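Colleague: My structure is below; once you've seen it, I'll send some questions.
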Amino acid sequence: MPSRDISRLTLYGDSISGNCMKVKWTADRLGLVYDWVETDVVRGDTRTEDFLAINPVGQVPLARWPDGRILPQSNAIMLYLAESEGSDLIPSDPFKKAQMNSWLFWEQYSHETAIAVRRFQKHYLKKSDDEIDPALLPKGRRALGVMELQLTYTDWMVGDTLTCADIALLAYTRLAHEGGFDLGEFPSVERWVSRAESELGIPHAMPREGAAL
Ligand SMILES: N[C@@H](CCC(=O)N[C@@H](CS)C(=O)NCC(=O)O)C(=O)O
């Protein structure tokens, strides 16, 4: 990766990665000016000497500020950007904020680890179902079922507006079909995906009705 003359916020990310797109959508929603450095995970851009010198963990997304500060971890970056800009992506009510954080922790432990992992193996590594850990499908379906329970009663994951919890969960839920999940089984989640995509002004990612998974 070429060295850069950093004069403003730089976001390193791979556009195929939901974790990276969370950060981009948040920055766009906040109207931030930033440089996006496309960092191809499959090609190994995160494992080069240059990238590891910036982020020893070897992962994107990564935010880097002109003063040299760096911040990895999608949800931490989203929260920092949203908080610094004083946006309504973070509820002002402390309990609602805690509920939002609760979904963010859950997303990283119980949702992303099944849906994103299965999608990557199936869609990008082209593994057959037999080669993929069989626990991922039921784990992901359980996670979608939990979201369905919430979204049957509310339009958003927390409160009555889009928050960081929606952005985080949208990232891989909207691409779940690429991991072999059928969102048709989760109608409230499916409607929420469209609602959140419209709110963020991003294209609809789900397959047309009747399209093969
Ligand atoms: N928990 C981290 C996960 C980051 C992550 O898994 N990044 C992947 C892309 S989605 C990556 O950079 N993989 C490249 C590698 O491990 O070499 C986050 O939310 O930011």
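Ligands are numbered from 1 in the order shown, chains are lettered A, B, ... in the order of the structure tokens, and residues start at 1 in each chain.
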Would you mind listing the residues within 8 Å of ligand 1, counting only C-alpha atoms and all ligand atoms, as a PyMOL selection string?
Modeller: chain A and resi 13-14+17-20+41-42+44-47+57-62+72-75+108+116
Colleague: Write a file of the just-selected residues containing N, CA and C atoms, as a PDB file, in the first residue's frame.
Modeller:
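Writing done, so here's result-v4.pdb:
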ATOM      1  N   GLY A  13     -11.035   0.336   4.123  1.00  0.00           N
ATOM      2  CA  GLY A  13     -12.103  -0.660   4.142  1.00  0.00           C
ATOM      3  C   GLY A  13     -12.216  -1.391   2.829  1.00  0.00           C
ATOM      4  N   ASP A  14     -12.870  -2.547   2.905  1.00  0.00           N
ATOM      5  CA  ASP A  14     -13.147  -3.341   1.709  1.00  0.00           C
ATOM      6  C   ASP A  14     -14.648  -3.237   1.453  1.00  0.00           C
ATOM      7  N   SER A  17     -17.163  -5.872   2.473  1.00  0.00           N
ATOM      8  CA  SER A  17     -17.272  -6.211   3.894  1.00  0.00           C
ATOM      9  C   SER A  17     -18.352  -5.378   4.588  1.00  0.00           C
ATOM     10  N   GLY A  18     -19.306  -6.082   5.187  1.00  0.00           N
ATOM     11  CA  GLY A  18     -20.353  -5.378   5.937  1.00  0.00           C
ATOM     12  C   GLY A  18     -19.767  -4.557   7.068  1.00  0.00           C
ATOM     13  N   ASN A  19     -18.753  -5.100   7.758  1.00  0.00           N
ATOM     14  CA  ASN A  19     -18.149  -4.350   8.856  1.00  0.00           C
ATOM     15  C   ASN A  19     -17.606  -3.005   8.368  1.00  0.00           C
ATOM     16  N   CYS A  20     -17.036  -3.018   7.176  1.00  0.00           N
ATOM     17  CA  CYS A  20     -16.475  -1.772   6.631  1.00  0.00           C
ATOM     18  C   CYS A  20     -17.589  -0.832   6.163  1.00  0.00           C
ATOM     19  N   VAL A  41      -9.438  -7.479   1.092  1.00  0.00           N
ATOM     20  CA  VAL A  41      -9.160  -8.526   2.077  1.00  0.00           C
ATOM     21  C   VAL A  41      -8.776  -9.831   1.387  1.00  0.00           C
ATOM     22  N   VAL A  42      -9.497 -10.177   0.331  1.00  0.00           N
ATOM     23  CA  VAL A  42      -9.242 -11.459  -0.337  1.00  0.00           C
ATOM     24  C   VAL A  42      -7.844 -11.460  -0.959  1.00  0.00           C
ATOM     25  N   GLY A  44      -5.366  -9.933   0.242  1.00  0.00           N
ATOM     26  CA  GLY A  44      -4.366  -9.919   1.322  1.00  0.00           C
ATOM     27  C   GLY A  44      -3.817  -8.539   1.649  1.00  0.00           C
ATOM     28  N   ASP A  45      -4.544  -7.476   1.236  1.00  0.00           N
ATOM     29  CA  ASP A  45      -4.058  -6.114   1.512  1.00  0.00           C
ATOM     30  C   ASP A  45      -3.902  -5.821   3.007  1.00  0.00           C
ATOM     31  N   THR A  46      -4.659  -6.548   3.847  1.00  0.00           N
ATOM     32  CA  THR A  46      -4.586  -6.284   5.286  1.00  0.00           C
ATOM     33  C   THR A  46      -3.396  -6.979   5.938  1.00  0.00           C
ATOM     34  N   ARG A  47      -2.693  -7.803   5.159  1.00  0.00           N
ATOM     35  CA  ARG A  47      -1.563  -8.555   5.719  1.00  0.00           C
ATOM     36  C   ARG A  47      -0.213  -8.063   5.181  1.00  0.00           C
ATOM     37  N   VAL A  57      -3.343  -5.768  14.032  1.00  0.00           N
ATOM     38  CA  VAL A  57      -4.372  -6.819  14.015  1.00  0.00           C
ATOM     39  C   VAL A  57      -4.586  -7.321  12.587  1.00  0.00           C
ATOM     40  N   GLY A  58      -4.290  -6.471  11.604  1.00  0.00           N
ATOM     41  CA  GLY A  58      -4.406  -6.905  10.212  1.00  0.00           C
ATOM     42  C   GLY A  58      -5.830  -6.990   9.722  1.00  0.00           C
ATOM     43  N   GLN A  59      -6.679  -6.092  10.189  1.00  0.00           N
ATOM     44  CA  GLN A  59      -8.079  -6.120   9.763  1.00  0.00           C
ATOM     45  C   GLN A  59      -8.575  -4.730   9.393  1.00  0.00           C
ATOM     46  N   VAL A  60      -9.581  -4.730   8.526  1.00  0.00           N
ATOM     47  CA  VAL A  60     -10.360  -3.523   8.266  1.00  0.00           C
ATOM     48  C   VAL A  60     -11.769  -3.776   8.797  1.00  0.00           C
ATOM     49  N   PRO A  61     -12.523  -2.733   9.120  1.00  0.00           N
ATOM     50  CA  PRO A  61     -12.233  -1.326   8.891  1.00  0.00           C
ATOM     51  C   PRO A  61     -11.207  -0.758   9.889  1.00  0.00           C
ATOM     52  N   LEU A  62     -10.623   0.342   9.436  1.00  0.00           N
ATOM     53  CA  LEU A  62      -9.687   1.068  10.285  1.00  0.00           C
ATOM     54  C   LEU A  62      -9.845   2.559   9.990  1.00  0.00           C
ATOM     55  N   PRO A  72      -9.361   0.757  15.226  1.00  0.00           N
ATOM     56  CA  PRO A  72      -9.972  -0.397  14.553  1.00  0.00           C
ATOM     57  C   PRO A  72     -11.326  -0.725  15.190  1.00  0.00           C
ATOM     58  N   GLN A  73     -11.991  -1.723  14.678  1.00  0.00           N
ATOM     59  CA  GLN A  73     -13.275  -2.266  15.160  1.00  0.00           C
ATOM     60  C   GLN A  73     -14.457  -1.407  14.694  1.00  0.00           C
ATOM     61  N   SER A  74     -15.244  -2.004  13.813  1.00  0.00           N
ATOM     62  CA  SER A  74     -16.343  -1.287  13.159  1.00  0.00           C
ATOM     63  C   SER A  74     -17.266  -0.567  14.144  1.00  0.00           C
ATOM     64  N   ASN A  75     -17.697  -1.281  15.173  1.00  0.00           N
ATOM     65  CA  ASN A  75     -18.690  -0.662  16.061  1.00  0.00           C
ATOM     66  C   ASN A  75     -18.073   0.473  16.889  1.00  0.00           C
ATOM     67  N   GLN A 108     -21.793  -8.590  17.311  1.00  0.00           N
ATOM     68  CA  GLN A 108     -20.434  -9.098  17.103  1.00  0.00           C
ATOM     69  C   GLN A 108     -20.257 -10.533  17.605  1.00  0.00           C
ATOM     70  N   ALA A 116     -22.042 -13.439   8.695  1.00  0.00           N
ATOM     71  CA  ALA A 116     -20.931 -12.931   7.880  1.00  0.00           C
ATOM     72  C   ALA A 116     -19.941 -14.042   7.548  1.00  0.00           C
TER      73      ALA A 116
END
Colleague: List as a ChimeraX atom specification the protein and nucleic acid residues near Val37 (chain A), meaning an atom at most 8 Å away when only C-alpha atoms are counted, but skip any in the same chain fewer than 4 places from it.
Modeller: /A:10-13
Colleague: For the residues selected in the previous step, produce a file with C-alpha atoms as a PDB file, in the first residue's frame.
Modeller:
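To be explicit, this is the file written out as out37.pdb:
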ATOM      1  CA  THR A  10      -8.978   8.200   6.278  1.00  0.00           C
ATOM      2  CA  LEU A  11     -11.144   5.091   6.322  1.00  0.00           C
ATOM      3  CA  TYR A  12      -9.498   1.863   5.220  1.00  0.00           C
ATOM      4  CA  GLY A  13     -12.103  -0.660   4.142  1.00  0.00           C
TER       5      GLY A  13
END
Colleague: Could you give me, as a PyMOL selection string, the residues within 7 Å of region 167-175 of chain A, counting only C-alpha atoms and dropping anything in the same chain fewer than 6 positions from it?
Modeller: chain A and resi 18-19+21-22+104+107+112+115-116+193+205-206
Colleague: Give me the residues of region 19-105 of chain A that have any atom at most 9 Å from an atom of region 141-165 of chain A; for each, the nearest atom pair and the distance in Å, rounded to one decimal. Use only C-alpha atoms, sort by chain and number, and format it as CSV.
Modeller:
residue,atom,partner,partner_atom,distance
A:Lys22,CA,A:Cys164,CA,8.7
A:Thr26,CA,A:Cys164,CA,8.0
A:Asn75,CA,A:Cys164,CA,8.0
A:Met78,CA,A:Cys164,CA,7.0
A:Leu79,CA,A:Cys164,CA,7.1
A:Ala82,CA,A:Cys164,CA,8.1
A:Asp88,CA,A:Thr163,CA,7.1
A:Leu89,CA,A:Thr163,CA,4.1
A:Ile90,CA,A:Thr163,CA,5.7
A:Pro91,CA,A:Thr163,CA,7.2
A:Lys96,CA,A:Val158,CA,6.7
A:Lys97,CA,A:Val158,CA,8.5
A:Gln99,CA,A:Val158,CA,6.8
A:Met100,CA,A:Ala165,CA,5.4
A:Asn101,CA,A:Ala165,CA,7.3
A:Ser102,CA,A:Ala165,CA,8.6
A:Trp103,CA,A:Ala165,CA,5.9
A:Leu104,CA,A:Ala165,CA,5.8
Colleague: Would you save the residues from that selection as a compact mmCIF listing (two decimals), in the first residue's frame, using N, CA and C atoms?
Modeller:
# COMPACT_ATOMS: atom_id res chain seq x y z
N LYS A 22 -20.54 -0.51 7.35
CA LYS A 22 -21.16 0.15 8.53
C LYS A 22 -20.53 1.50 8.78
N THR A 26 -22.11 5.28 8.17
CA THR A 26 -22.19 6.21 9.30
C THR A 26 -21.53 7.54 8.93
N ASN A 75 -17.70 -1.28 15.17
CA ASN A 75 -18.69 -0.66 16.06
C ASN A 75 -18.07 0.47 16.89
N MET A 78 -17.86 3.47 14.47
CA MET A 78 -19.21 4.05 14.27
C MET A 78 -19.62 4.90 15.47
N LEU A 79 -19.43 4.32 16.67
CA LEU A 79 -19.85 5.03 17.89
C LEU A 79 -19.05 6.31 18.07
N ALA A 82 -20.23 8.92 15.49
CA ALA A 82 -21.59 9.41 15.80
C ALA A 82 -21.57 10.28 17.05
N ASP A 88 -28.13 11.87 16.23
CA ASP A 88 -29.19 11.07 16.85
C ASP A 88 -29.02 9.57 16.54
N LEU A 89 -27.89 9.20 15.97
CA LEU A 89 -27.62 7.76 15.79
C LEU A 89 -27.35 7.09 17.13
N ILE A 90 -27.09 7.91 18.16
CA ILE A 90 -26.94 7.38 19.53
C ILE A 90 -28.04 8.00 20.38
N PRO A 91 -28.89 7.16 20.99
CA PRO A 91 -29.98 7.73 21.80
C PRO A 91 -29.44 8.57 22.96
N LYS A 96 -31.79 3.69 26.72
CA LYS A 96 -31.87 3.36 25.28
C LYS A 96 -30.47 3.21 24.69
N LYS A 97 -29.57 4.06 25.17
CA LYS A 97 -28.17 3.95 24.70
C LYS A 97 -27.59 2.58 25.11
N GLN A 99 -29.32 -0.10 25.57
CA GLN A 99 -29.96 -1.11 24.72
C GLN A 99 -29.27 -1.17 23.34
N MET A 100 -28.94 0.02 22.83
CA MET A 100 -28.22 0.05 21.55
C MET A 100 -26.88 -0.69 21.67
N ASN A 101 -26.15 -0.40 22.76
CA ASN A 101 -24.87 -1.08 22.97
C ASN A 101 -25.05 -2.58 23.12
N SER A 102 -26.12 -2.95 23.77
CA SER A 102 -26.41 -4.37 23.96
C SER A 102 -26.55 -5.07 22.61
N TRP A 103 -27.27 -4.45 21.68
CA TRP A 103 -27.39 -5.02 20.33
C TRP A 103 -26.03 -5.04 19.62
N LEU A 104 -25.21 -4.03 19.85
CA LEU A 104 -23.91 -3.99 19.18
C LEU A 104 -23.00 -5.14 19.65
Colleague: Name the residues of region 3-210 of chain A that fall into strand (DSSP E or B) according to DSSP on the backbone, using the chain letters and numbers of this document, as JSON, numbers by chain.
Modeller: {"A": [10, 11, 12, 13, 35, 36, 37, 38, 62, 63, 64, 70, 71, 72]}
Colleague: Keeping C-alpha atoms, export the residues of the selection given above as a JSON list (two decimals), in the first residue's frame.
Modeller:
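Once everything was written out, this is selection.json:
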[["chain", "number", "residue", "atom", "x", "y", "z"],
["A", 10, "THR", "CA", -8.98, 8.20, 6.28],
["A", 11, "LEU", "CA", -11.14, 5.09, 6.32],
["A", 12, "TYR", "CA", -9.50, 1.86, 5.22],
["A", 13, "GLY", "CA", -12.10, -0.66, 4.14],
["A", 35, "ASP", "CA", -10.71, 9.51, 2.13],
["A", 36, "TRP", "CA", -11.71, 5.91, 1.50],
["A", 37, "VAL", "CA", -8.81, 3.55, 0.92],
["A", 38, "GLU", "CA", -10.11, 0.38, -0.72],
["A", 62, "LEU", "CA", -9.69, 1.07, 10.28],
["A", 63, "ALA", "CA", -10.03, 4.81, 10.88],
["A", 64, "ARG", "CA", -6.97, 7.05, 10.85],
["A", 70, "ILE", "CA", -5.98, 5.10, 14.61],
["A", 71, "LEU", "CA", -9.09, 3.16, 15.62],
["A", 72, "PRO", "CA", -9.97, -0.40, 14.55]]
Colleague: Expressed in Å to a single decimal, how great is the separation between CA of Arg29 (chain A) and CA of Arg69 (chain A)?
Modeller: 22.2 Å
Colleague: Can you work out which one of A:Gly179, A:Trp106, A:Phe95, A:Leu81 has the shortest atom-to-atom distance to Lys126 (chain A), counting only C-alpha atoms?
Modeller: A:Gly179
Colleague: Any idea what's packed within 9 Å of Lys122 (chain A), counting only C-alpha atoms, ignoring anything in its chain fewer than 5 positions away? Could you give it as a list of chain:residue names?
Modeller: A:Val117, A:Lys127, A:Ser128, A:Asp129, A:Ile132, A:Glu178, A:Gly179, A:Gly180
Colleague: With C-alpha atoms kept, could you save the residues just selected as a PDB file, in the first residue's frame?
Modeller:
ATOM      1  CA  VAL A 117     -18.697 -15.973   8.293  1.00  0.00           C
ATOM      2  CA  LYS A 127     -17.050 -23.508  -0.411  1.00  0.00           C
ATOM      3  CA  SER A 128     -19.783 -26.106  -0.815  1.00  0.00           C
ATOM      4  CA  ASP A 129     -22.278 -26.482   2.041  1.00  0.00           C
ATOM      5  CA  ILE A 132     -18.799 -25.175   5.844  1.00  0.00           C
ATOM      6  CA  GLU A 178     -25.322 -14.732   0.033  1.00  0.00           C
ATOM      7  CA  GLY A 179     -24.673 -16.963   3.054  1.00  0.00           C
ATOM      8  CA  GLY A 180     -27.586 -19.249   2.205  1.00  0.00           C
TER       9      GLY A 180
END
